[in-house]
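Structure file my_file.txt with compact mmCIF, C-alpha atoms and all ligand atoms:
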# COMPACT_ATOMS: atom_id res chain seq x y z
CA MET A 1 -112.12 -164.47 85.45
CA ASN A 2 -114.29 -166.20 82.92
CA ARG A 3 -113.91 -164.71 79.44
CA ASN A 4 -117.39 -165.85 78.45
CA ARG A 5 -118.77 -163.27 80.81
CA LEU A 6 -119.14 -159.69 79.65
CA ARG A 7 -116.75 -157.22 81.33
CA LEU A 8 -117.61 -153.66 82.25
CA ALA A 9 -114.97 -151.23 83.57
CA ILE A 10 -116.20 -148.48 85.90
CA GLN A 11 -114.54 -145.88 88.12
CA LYS A 12 -113.63 -147.31 91.52
CA SER A 13 -114.07 -144.08 93.46
CA GLY A 14 -114.55 -140.47 92.47
CA ARG A 15 -117.14 -138.30 90.81
CA LEU A 16 -118.49 -141.02 88.51
CA ALA A 17 -118.54 -143.92 90.94
CA GLU A 18 -121.72 -143.28 92.89
CA GLU A 19 -123.97 -142.40 89.94
CA THR A 20 -122.59 -145.33 87.97
CA MET A 21 -123.50 -147.76 90.74
CA ARG A 22 -126.91 -146.12 91.06
CA LEU A 23 -127.54 -146.64 87.34
CA LEU A 24 -126.48 -150.30 87.53
CA GLN A 25 -128.75 -150.79 90.52
CA ALA A 26 -131.63 -149.09 88.69
CA MET A 27 -131.05 -151.75 86.01
CA GLY A 28 -131.91 -154.33 88.68
CA LEU A 29 -128.32 -155.58 88.98
CA SER A 30 -126.83 -156.79 92.26
CA PHE A 31 -123.20 -157.67 92.94
CA SER A 32 -121.05 -160.20 94.76
CA LYS A 33 -117.35 -159.62 95.29
CA SER A 34 -115.09 -162.02 93.41
CA ARG A 35 -113.02 -164.39 95.57
CA ASP A 36 -109.86 -162.35 94.96
CA GLY A 37 -111.72 -159.09 95.54
CA LEU A 38 -110.60 -157.68 92.17
CA TYR A 39 -114.00 -157.35 90.58
CA PHE A 40 -117.75 -157.61 91.21
CA ARG A 41 -119.78 -160.43 89.74
CA VAL A 42 -123.25 -159.40 88.66
CA ASN A 43 -125.82 -161.93 89.83
CA GLU A 44 -128.50 -161.32 87.19
CA LEU A 45 -126.40 -161.31 83.98
CA PRO A 46 -123.14 -162.98 82.88
CA LEU A 47 -121.33 -159.72 83.62
CA ASP A 48 -118.26 -158.83 85.69
CA VAL A 49 -117.53 -155.29 86.81
CA LEU A 50 -113.91 -154.09 87.05
CA ARG A 51 -113.38 -151.12 89.34
CA VAL A 52 -110.43 -148.99 88.20
CA ARG A 53 -109.08 -145.43 87.80
CA ASP A 54 -111.17 -143.56 85.24
CA ASP A 55 -108.09 -142.77 83.13
CA ASP A 56 -107.52 -146.50 82.52
CA ILE A 57 -111.04 -147.18 81.26
CA PRO A 58 -110.70 -146.12 77.58
CA GLY A 59 -107.43 -148.07 77.24
CA PHE A 60 -108.88 -151.21 78.84
CA VAL A 61 -111.83 -151.12 76.46
CA GLY A 62 -109.57 -150.38 73.47
CA GLU A 63 -107.29 -153.29 74.29
CA GLY A 64 -110.17 -155.68 74.97
CA VAL A 65 -109.38 -156.10 78.69
CA ALA A 66 -112.99 -154.96 79.15
CA ASP A 67 -115.85 -155.11 76.62
CA LEU A 68 -117.60 -152.03 77.99
CA GLY A 69 -116.73 -149.00 80.07
CA ILE A 70 -118.44 -146.09 81.80
CA VAL A 71 -116.28 -142.96 81.72
CA GLY A 72 -116.43 -139.19 81.27
CA GLU A 73 -116.42 -138.17 77.62
CA ASN A 74 -113.59 -135.72 78.40
CA VAL A 75 -111.29 -138.57 79.52
CA PHE A 76 -112.35 -140.73 76.56
CA GLN A 77 -111.64 -138.01 73.98
CA GLU A 78 -108.31 -137.10 75.58
CA GLU A 79 -107.07 -140.72 75.67
CA LYS A 80 -108.35 -141.33 72.15
CA ILE A 81 -106.01 -138.71 70.70
CA THR A 82 -102.91 -140.33 72.19
CA CYS A 83 -103.71 -144.08 72.11
CA PRO A 84 -104.24 -145.70 68.71
CA GLU A 85 -105.94 -148.76 70.29
CA ILE A 86 -108.83 -146.54 71.37
CA GLY A 87 -109.54 -145.50 67.76
CA GLY A 88 -112.17 -148.19 67.21
CA VAL A 89 -113.97 -147.78 70.54
CA LYS A 90 -117.55 -146.61 70.08
CA ILE A 91 -119.70 -144.40 72.27
CA SER A 92 -122.87 -146.42 72.64
CA ARG A 93 -124.92 -144.34 75.12
CA ASP A 94 -124.91 -140.89 76.70
CA LEU A 95 -125.73 -141.46 80.35
CA GLY A 96 -126.84 -137.97 81.37
CA PHE A 97 -124.81 -137.60 84.58
CA ALA A 98 -121.43 -136.02 85.50
CA LYS A 99 -122.19 -133.19 83.12
CA CYS A 100 -119.34 -130.69 82.77
CA ARG A 101 -117.35 -128.70 80.22
CA LEU A 102 -113.70 -128.48 79.31
CA ASP A 103 -113.13 -124.73 79.31
CA LEU A 104 -110.32 -122.28 78.73
CA ALA A 105 -110.22 -119.74 81.55
CA VAL A 106 -108.17 -116.60 82.19
CA PRO A 107 -107.72 -114.31 85.21
CA GLU A 108 -110.67 -111.90 85.74
CA ALA A 109 -108.47 -108.91 84.87
CA PHE A 110 -107.42 -110.39 81.50
CA ASP A 111 -109.02 -108.34 78.74
CA TYR A 112 -110.01 -111.31 76.59
CA LYS A 113 -111.52 -110.75 73.15
CA SER A 114 -110.64 -113.83 71.13
CA LEU A 115 -108.39 -116.86 71.08
CA GLN A 116 -105.78 -114.68 69.35
CA ASP A 117 -105.15 -113.10 72.76
CA LEU A 118 -103.70 -116.40 73.99
CA LYS A 119 -101.11 -116.64 71.20
CA GLY A 120 -97.72 -117.71 72.60
CA LEU A 121 -99.00 -117.77 76.20
CA LYS A 122 -98.61 -120.53 78.76
CA ILE A 123 -101.74 -122.64 79.39
CA SER A 124 -101.78 -125.30 82.10
CA THR A 125 -104.06 -128.32 81.81
CA THR A 126 -104.62 -131.99 82.57
CA TYR A 127 -105.96 -132.33 79.01
CA PRO A 128 -102.89 -131.51 76.85
CA SER A 129 -104.03 -133.48 73.79
CA LEU A 130 -107.49 -131.90 73.57
CA LEU A 131 -105.95 -128.47 74.15
CA ARG A 132 -103.29 -129.03 71.50
CA GLU A 133 -105.88 -130.27 69.00
CA PHE A 134 -108.13 -127.28 69.68
CA THR A 135 -105.45 -124.59 69.46
CA GLU A 136 -103.82 -126.16 66.39
CA LYS A 137 -107.15 -126.33 64.60
CA GLN A 138 -107.66 -122.64 65.34
CA GLY A 139 -104.08 -121.87 64.26
CA ILE A 140 -103.08 -120.40 67.62
CA PRO A 141 -99.67 -121.61 68.86
CA VAL A 142 -99.58 -121.84 72.67
CA ASN A 143 -97.23 -123.22 75.27
CA ILE A 144 -98.99 -126.16 76.93
CA ILE A 145 -98.00 -127.01 80.49
CA GLU A 146 -99.24 -130.43 81.57
CA MET A 147 -100.30 -130.70 85.20
CA HIS A 148 -101.87 -133.56 87.12
CA GLY A 149 -103.97 -131.54 89.54
CA SER A 150 -104.47 -128.07 91.07
CA VAL A 151 -104.64 -126.52 87.61
CA GLU A 152 -106.88 -123.76 88.99
CA VAL A 153 -104.09 -122.26 91.11
CA SER A 154 -101.46 -122.23 88.37
CA THR A 155 -102.09 -118.66 87.18
CA ARG A 156 -101.79 -117.30 90.72
CA LEU A 157 -98.53 -119.21 91.17
CA GLY A 158 -97.18 -117.69 87.97
CA ILE A 159 -96.90 -121.11 86.31
CA ALA A 160 -99.32 -120.22 83.52
CA ASP A 161 -101.23 -117.30 81.95
CA ALA A 162 -104.43 -119.26 81.40
CA ILE A 163 -105.86 -122.67 82.25
CA CYS A 164 -107.84 -125.35 80.45
CA ASP A 165 -109.86 -127.34 82.96
CA ILE A 166 -113.12 -129.07 83.77
CA VAL A 167 -115.89 -126.74 84.88
CA ALA A 168 -119.22 -127.82 86.33
CA THR A 169 -120.83 -125.08 88.43
CA GLY A 170 -118.05 -122.53 87.84
CA SER A 171 -117.46 -121.96 91.56
CA THR A 172 -113.84 -123.23 91.47
CA LEU A 173 -113.02 -120.73 88.73
CA GLU A 174 -114.70 -117.95 90.66
CA ALA A 175 -112.92 -118.84 93.90
CA ASN A 176 -109.62 -118.59 92.06
CA GLY A 177 -110.32 -115.29 90.33
CA LEU A 178 -110.73 -116.85 86.89
CA LYS A 179 -113.34 -116.54 84.12
CA ALA A 180 -114.23 -119.05 81.40
CA VAL A 181 -113.68 -117.75 77.87
CA GLU A 182 -113.96 -120.76 75.53
CA THR A 183 -115.52 -124.23 75.68
CA LEU A 184 -113.51 -127.03 74.05
CA LEU A 185 -115.87 -129.87 74.88
CA LYS A 186 -119.20 -130.52 76.57
CA SER A 187 -118.98 -133.73 78.51
CA GLN A 188 -121.06 -136.26 80.43
CA ALA A 189 -120.66 -139.88 81.46
CA ILE A 190 -120.84 -142.26 78.48
CA LEU A 191 -121.02 -145.99 77.88
CA ILE A 192 -118.21 -147.09 75.56
CA GLN A 193 -117.97 -150.35 73.71
CA ALA A 194 -114.96 -152.31 72.44
CA PRO A 195 -114.39 -152.52 68.70
CA GLY A 196 -115.40 -155.73 66.91
CA ASN A 197 -118.20 -158.17 67.49
CA LEU A 198 -118.91 -160.04 70.68
CA ASN A 199 -119.19 -163.82 70.55
CA GLY A 200 -122.55 -165.59 71.03
CA GLU A 201 -123.02 -165.67 74.81
CA LYS A 202 -121.59 -162.21 75.37
CA GLU A 203 -123.59 -160.73 72.55
CA LYS A 204 -126.79 -161.98 74.20
CA ALA A 205 -125.69 -160.62 77.57
CA PHE A 206 -124.87 -157.27 75.99
CA GLU A 207 -128.30 -157.04 74.42
CA ARG A 208 -129.94 -157.68 77.78
CA PHE A 209 -127.61 -155.21 79.45
CA LEU A 210 -128.46 -152.49 76.93
CA ASN A 211 -132.20 -153.16 77.15
CA ARG A 212 -132.08 -152.76 80.90
CA MET A 213 -129.88 -149.68 80.63
CA ASP A 214 -132.24 -148.04 78.12
CA GLY A 215 -135.16 -148.81 80.41
CA ALA A 216 -133.37 -147.33 83.42
CA LEU A 217 -132.31 -144.21 81.47
CA ALA A 218 -135.80 -143.69 80.08
CA SER A 219 -137.59 -144.14 83.40
CA ARG A 220 -135.27 -141.63 85.08
CA GLU A 221 -136.82 -138.74 83.16
CA THR A 222 -140.16 -140.35 82.50
CA LYS A 223 -143.08 -139.56 84.77
CA TYR A 224 -146.66 -140.70 84.96
CA ILE A 225 -149.02 -137.76 85.09
CA MET A 226 -152.68 -137.83 86.16
CA LEU A 227 -155.11 -134.94 86.23
CA ASN A 228 -158.77 -134.07 85.96
CA ALA A 229 -160.10 -131.68 83.36
CA PRO A 230 -163.34 -130.41 81.82
CA LYS A 231 -164.06 -131.45 78.25
CA ASN A 232 -163.26 -128.06 76.71
CA SER A 233 -159.71 -128.10 78.18
CA LEU A 234 -158.68 -131.48 76.77
CA ALA A 235 -157.20 -130.26 73.49
CA LYS A 236 -155.04 -127.62 75.22
CA ILE A 237 -153.93 -130.10 77.88
CA LYS A 238 -152.82 -132.64 75.28
CA LYS A 239 -150.58 -130.00 73.72
CA LEU A 240 -149.00 -129.11 77.06
CA LEU A 241 -148.12 -132.62 78.22
CA PRO A 242 -144.34 -132.89 77.67
CA GLY A 243 -143.27 -135.81 75.48
CA ALA A 244 -146.53 -137.72 75.94
CA GLY A 245 -147.94 -140.03 73.28
CA ALA A 246 -151.70 -140.41 73.15
CA PRO A 247 -152.95 -139.94 76.74
CA THR A 248 -155.65 -142.17 78.21
CA ILE A 249 -158.85 -140.14 78.70
CA ILE A 250 -161.52 -141.54 81.01
CA PRO A 251 -164.95 -139.95 81.62
CA LEU A 252 -165.29 -139.16 85.33
CA ASP A 253 -168.93 -138.95 86.29
CA GLY A 254 -170.91 -140.27 83.37
CA THR A 255 -171.79 -136.74 82.21
CA ASN A 256 -169.07 -136.66 79.54
CA GLU A 257 -168.16 -133.21 80.83
CA ASN A 258 -165.31 -134.07 83.20
CA PHE A 259 -162.45 -136.41 82.42
CA ALA A 260 -159.41 -138.00 84.01
CA VAL A 261 -156.29 -137.74 81.83
CA HIS A 262 -153.42 -140.22 82.35
CA ALA A 263 -150.20 -140.03 80.36
CA VAL A 264 -146.59 -141.19 80.35
CA CYS A 265 -144.40 -138.11 79.88
CA ARG A 266 -141.00 -138.87 78.39
CA GLU A 267 -139.53 -135.52 79.33
CA ALA A 268 -139.08 -133.78 82.65
CA VAL A 269 -142.29 -132.32 84.11
CA PHE A 270 -141.48 -128.96 85.67
CA TRP A 271 -143.54 -126.88 88.11
CA GLU A 272 -144.05 -124.47 85.24
CA THR A 273 -145.69 -127.20 83.15
CA MET A 274 -148.05 -127.95 86.04
CA GLU A 275 -148.92 -124.26 86.41
CA ASN A 276 -149.63 -124.07 82.68
CA LEU A 277 -151.86 -127.16 82.89
CA LYS A 278 -153.76 -125.63 85.79
CA ALA A 279 -154.17 -122.37 83.90
CA VAL A 280 -156.00 -124.13 81.07
CA GLY A 281 -158.38 -125.94 83.44
CA ALA A 282 -156.60 -128.99 84.84
CA SER A 283 -157.05 -129.84 88.52
CA ALA A 284 -155.86 -132.54 90.95
CA ILE A 285 -152.60 -132.84 89.02
CA LEU A 286 -150.39 -135.72 90.17
CA VAL A 287 -146.90 -136.45 88.83
CA VAL A 288 -145.47 -139.79 89.92
CA PRO A 289 -142.15 -141.50 89.14
CA ILE A 290 -142.04 -144.64 87.06
CA GLU A 291 -139.96 -147.35 88.64
CA LYS A 292 -139.41 -149.64 85.68
CA MET A 293 -140.10 -149.45 81.97
CA MET A 294 -139.54 -151.69 78.99
CA ASN A 295 -140.58 -150.94 75.42
O1 LIG B 1 -109.22 -141.36 90.71
P1 LIG B 1 -109.65 -141.27 89.32
O2 LIG B 1 -108.51 -141.04 88.34
O3 LIG B 1 -110.55 -142.40 88.92
O4 LIG B 1 -110.61 -139.97 89.24
P2 LIG B 1 -110.24 -138.45 88.91
O5 LIG B 1 -109.82 -137.80 90.17
O6 LIG B 1 -109.33 -138.37 87.73
O7 LIG B 1 -111.63 -137.90 88.38
P3 LIG B 1 -112.90 -137.35 89.20
O8 LIG B 1 -113.50 -138.45 90.01
O9 LIG B 1 -112.58 -136.07 89.87
O10 LIG B 1 -113.85 -136.99 87.95
C1 LIG B 1 -114.32 -137.98 87.11
C2 LIG B 1 -115.10 -137.33 85.97
O11 LIG B 1 -116.20 -136.58 86.48
C3 LIG B 1 -114.35 -136.30 85.14
O12 LIG B 1 -113.49 -136.89 84.18
C4 LIG B 1 -115.50 -135.56 84.48
O13 LIG B 1 -115.96 -136.29 83.38
C5 LIG B 1 -116.60 -135.60 85.53
N1 LIG B 1 -116.81 -134.32 86.25
C6 LIG B 1 -118.02 -133.74 86.42
C7 LIG B 1 -115.90 -133.55 86.87
C8 LIG B 1 -116.59 -132.47 87.42
N2 LIG B 1 -117.90 -132.60 87.13
C9 LIG B 1 -115.85 -131.46 88.15
N3 LIG B 1 -116.46 -130.50 88.64
N4 LIG B 1 -114.57 -133.67 87.02
C10 LIG B 1 -113.89 -132.75 87.71
N5 LIG B 1 -114.46 -131.65 88.28
C11 LIG B 1 -113.54 -130.73 89.02
C12 LIG B 1 -112.71 -129.83 88.09
O14 LIG B 1 -111.50 -130.47 87.75
C13 LIG B 1 -112.47 -128.60 88.93
O15 LIG B 1 -111.40 -128.77 89.82
O16 LIG B 1 -114.25 -129.85 89.85
C14 LIG B 1 -113.75 -128.52 89.75
C15 LIG B 1 -114.74 -127.65 89.02
O17 LIG B 1 -116.03 -127.79 89.55
P4 LIG B 1 -116.99 -126.51 89.73
O18 LIG B 1 -118.31 -127.09 90.11
O19 LIG B 1 -116.40 -125.67 90.81
O20 LIG B 1 -117.04 -125.80 88.40
ZN ZN B 2 -108.54 -139.82 86.70
Would you put the structure from the file into structure tokens?
Ligand code: PRT
Ligand code: ZN
Amino acid sequence: MNRNRLRLAIQKSGRLAEETMRLLQAMGLSFSKSRDGLYFRVNELPLDVLRVRDDDIPGFVGEGVADLGIVGENVFQEEKITCPEIGGVKISRDLGFAKCRLDLAVPEAFDYKSLQDLKGLKISTTYPSLLREFTEKQGIPVNIIEMHGSVEVSTRLGIADAICDIVATGSTLEANGLKAVETLLKSQAILIQAPGNLNGEKEKAFERFLNRMDGALASRETKYIMLNAPKNSLAKIKKLLPGAGAPTIIPLDGTNENFAVHAVCREAVFWETMENLKAVGASAILVVPIEKMMN
């Protein structure tokens, strides 16, 4: 592997893998397998992609094995507490996918009022460091049982009184007769960056990488909206367009009574927004995705 090429560590398979690849593809990147099959070479930038277990990503970036990593913030924060090398690693972007929470949960029948109720109890988790930090900060001593999977069944098995686990929709908790009572961390996929400066070539590659990533992230939410409206609706319509700068307003029929309004909306456009636009006089409303964007 050529050390003049930027290195990005991503999850090989699992909940982050697919969305991560989709983001890289949305950045216009394509890949060829290295001769030894250990990593992917990106064709468009001097960038190599290492595919590893997510738990190894913060450490690799901290030790400089990789310059960049894409990982869940929960894993990053957990590893950061135990590994001093990760101390200088920076979060450089929130990526908006793999959203979840690290929650404390107790059996449905548990009459939970406050964290005090967990004093001295057994809590099983795959995130012992975050749990220890949280309970110590709150001054609640607990007995932490570290597990490497199946945390959600540990109360039924009598291994623990409560659990501390990742929750997304909440259906796993529900299926196991548990209820969430506290949130320790809100998490999503993040781009992390090694401490220290990159040398010339890599610095340039990183800048291009970030520009493309920002473009891809922005265009994911951003929509192009077109509609027709009578003159007296224009002011109200401008106020309703979510995250739009100055829209383009074009007279439709030479009468200066009816106009076409075109705008780039930098926030999600919901059905409700369209209904509100219609209610103030807009018609023929079209919302179309933007494929690429660069500012
Ligand atoms: O093999 P490798 O070590 O790389 O992967 P992994 O098995 O350790 O992790 P993986 O692929 O399961 O998850 C990767 C990351 O996805 C996590 O670190 C989180 O940042 C994020 N993520 C997002 C989730 C979830 N959503 C999620 N729902 N990680 C785990 N879950 C599990 C959770 O542990 C629980 O068992 O799903 C269940 C809860 O889901 P709901 O929808 O029922 O609430
Ligand atoms: Zn893992």
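If you look at atom CA of Trp271 of chain A and atom CA of Lys236 of chain A, they are 17.3 Å away from each other.
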I'd like the contact shell of Asn276 of chain A - 8 Å cut-off, only C-alpha atoms, skipping same-chain residues fewer than 4 positions apart - returned as a CSV table (one decimal) with C-alpha atoms, in the frame of the given file.
chain,number,residue,atom,x,y,z
A,240,LEU,CA,-149.0,-129.1,77.1
A,272,GLU,CA,-144.0,-124.5,85.2
A,280,VAL,CA,-156.0,-124.1,81.1
Residues within 10 Å of ligand LIG 1 (chain B) (only C-alpha atoms and all ligand atoms), as a compact mmCIF listing (two decimals) with C-alpha atoms, keeping the file's coordinate frame?
# COMPACT_ATOMS: atom_id res chain seq x y z
CA ILE A 10 -116.20 -148.48 85.90
CA GLN A 11 -114.54 -145.88 88.12
CA LYS A 12 -113.63 -147.31 91.52
CA SER A 13 -114.07 -144.08 93.46
CA GLY A 14 -114.55 -140.47 92.47
CA ARG A 15 -117.14 -138.30 90.81
CA LEU A 16 -118.49 -141.02 88.51
CA ALA A 17 -118.54 -143.92 90.94
CA GLU A 18 -121.72 -143.28 92.89
CA ARG A 51 -113.38 -151.12 89.34
CA VAL A 52 -110.43 -148.99 88.20
CA ARG A 53 -109.08 -145.43 87.80
CA ASP A 54 -111.17 -143.56 85.24
CA ASP A 55 -108.09 -142.77 83.13
CA ASP A 56 -107.52 -146.50 82.52
CA ILE A 57 -111.04 -147.18 81.26
CA VAL A 71 -116.28 -142.96 81.72
CA GLY A 72 -116.43 -139.19 81.27
CA GLU A 73 -116.42 -138.17 77.62
CA ASN A 74 -113.59 -135.72 78.40
CA VAL A 75 -111.29 -138.57 79.52
CA PHE A 76 -112.35 -140.73 76.56
CA PHE A 97 -124.81 -137.60 84.58
CA ALA A 98 -121.43 -136.02 85.50
CA LYS A 99 -122.19 -133.19 83.12
CA CYS A 100 -119.34 -130.69 82.77
CA ARG A 101 -117.35 -128.70 80.22
CA LEU A 102 -113.70 -128.48 79.31
CA ASP A 103 -113.13 -124.73 79.31
CA THR A 125 -104.06 -128.32 81.81
CA THR A 126 -104.62 -131.99 82.57
CA HIS A 148 -101.87 -133.56 87.12
CA GLY A 149 -103.97 -131.54 89.54
CA SER A 150 -104.47 -128.07 91.07
CA VAL A 151 -104.64 -126.52 87.61
CA GLU A 152 -106.88 -123.76 88.99
CA VAL A 153 -104.09 -122.26 91.11
CA CYS A 164 -107.84 -125.35 80.45
CA ASP A 165 -109.86 -127.34 82.96
CA ILE A 166 -113.12 -129.07 83.77
CA VAL A 167 -115.89 -126.74 84.88
CA ALA A 168 -119.22 -127.82 86.33
CA THR A 169 -120.83 -125.08 88.43
CA GLY A 170 -118.05 -122.53 87.84
CA SER A 171 -117.46 -121.96 91.56
CA THR A 172 -113.84 -123.23 91.47
CA LEU A 173 -113.02 -120.73 88.73
CA GLU A 174 -114.70 -117.95 90.66
CA ALA A 175 -112.92 -118.84 93.90
CA ASN A 176 -109.62 -118.59 92.06
CA LYS A 186 -119.20 -130.52 76.57
CA SER A 187 -118.98 -133.73 78.51
CA GLN A 188 -121.06 -136.26 80.43
CA ALA A 189 -120.66 -139.88 81.46
CA ILE A 190 -120.84 -142.26 78.48
Taking only C-alpha atoms and all ligand atoms into account, name the residue in A:Leu234, A:Glu207, A:Glu78, A:Leu286 that is nearest to ligand ZN 2 (chain B).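 Residue with the minimum atom-to-atom distance to ligand ZN 2 (chain B): A:Glu78.
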Hey, can you check how far atom CA of Lys204 of chain A sits from atom CA of Thr20 of chain A?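 So the two atoms, atom CA of Lys204 of chain A and atom CA of Thr20 of chain A, lie 22.0 Å apart.
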At what distance in Å, to one decimal, does atom CA of Gly28 of chain A lie from atom CA of Asp214 of chain A?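 Spanning atom CA of Asp214 of chain A to atom CA of Gly28 of chain A is a straight-line distance of 12.3 Å.
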Write out as a ChimeraX atom specification each polymer residue whose atoms come within 10 Å of Val61 of chain A, counting all atoms listed in the file; drop sequence neighbours fewer than 4 positions from it. /A:7-9,56-57,65-70,85-86,88-90,192-195
Quick one: residues within 6 Å of Ala244 of chain A, only C-alpha atoms counted, chain neighbours fewer than 2 positions away excluded, as a short mmCIF file (atom, residue, chain, number, x, y, z; two decimals) with C-alpha atoms, keeping the file's coordinate frame?
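The new file part27.cif reads:
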data_model
loop_
_atom_site.label_atom_id
_atom_site.label_comp_id
_atom_site.auth_asym_id
_atom_site.auth_seq_id
_atom_site.Cartn_x
_atom_site.Cartn_y
_atom_site.Cartn_z
CA LEU A 241 -148.12 -132.62 78.22
CA PRO A 242 -144.34 -132.89 77.67
CA VAL A 264 -146.59 -141.19 80.35
CA CYS A 265 -144.40 -138.11 79.88
#
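Minimum atom-to-atom distance to ligand ZN 2 (chain B), evaluated using all atoms listed in the file, belongs to A:Glu79 out of A:Asp36, A:Glu44, A:Glu79, A:Glu291.
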Which residues are close to His262 of chain A, i.e. within 7 Å by only C-alpha atoms, leaving aside same-chain residues fewer than 5 positions away? Reply as a PDB file with C-alpha atoms, in the frame of the given file.
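Now in around05.pdb:
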ATOM      1  CA  ILE A 225    -149.020-137.760  85.090  1.00  0.00           C
ATOM      2  CA  MET A 226    -152.680-137.830  86.160  1.00  0.00           C
ATOM      3  CA  LEU A 227    -155.110-134.940  86.230  1.00  0.00           C
ATOM      4  CA  PRO A 247    -152.950-139.940  76.740  1.00  0.00           C
ATOM      5  CA  THR A 248    -155.650-142.170  78.210  1.00  0.00           C
ATOM      6  CA  ILE A 249    -158.850-140.140  78.700  1.00  0.00           C
TER       7      ILE A 249
END
Determine the nearest neighbour of ligand ZN 2 (chain B) from the options A:Ala229, A:Pro58, A:Gln25, A:Lys238, counting only C-alpha atoms and all ligand atoms.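 Among A:Ala229, A:Pro58, A:Gln25, A:Lys238, it is A:Pro58 that comes nearest to ligand ZN 2 (chain B).
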Residues within 6 Å of (-123.2, -146.3, 73.3), file coords, only C-alpha atoms, listed as a VMD selection string: chain A and resid 91 to 93 191 to 192
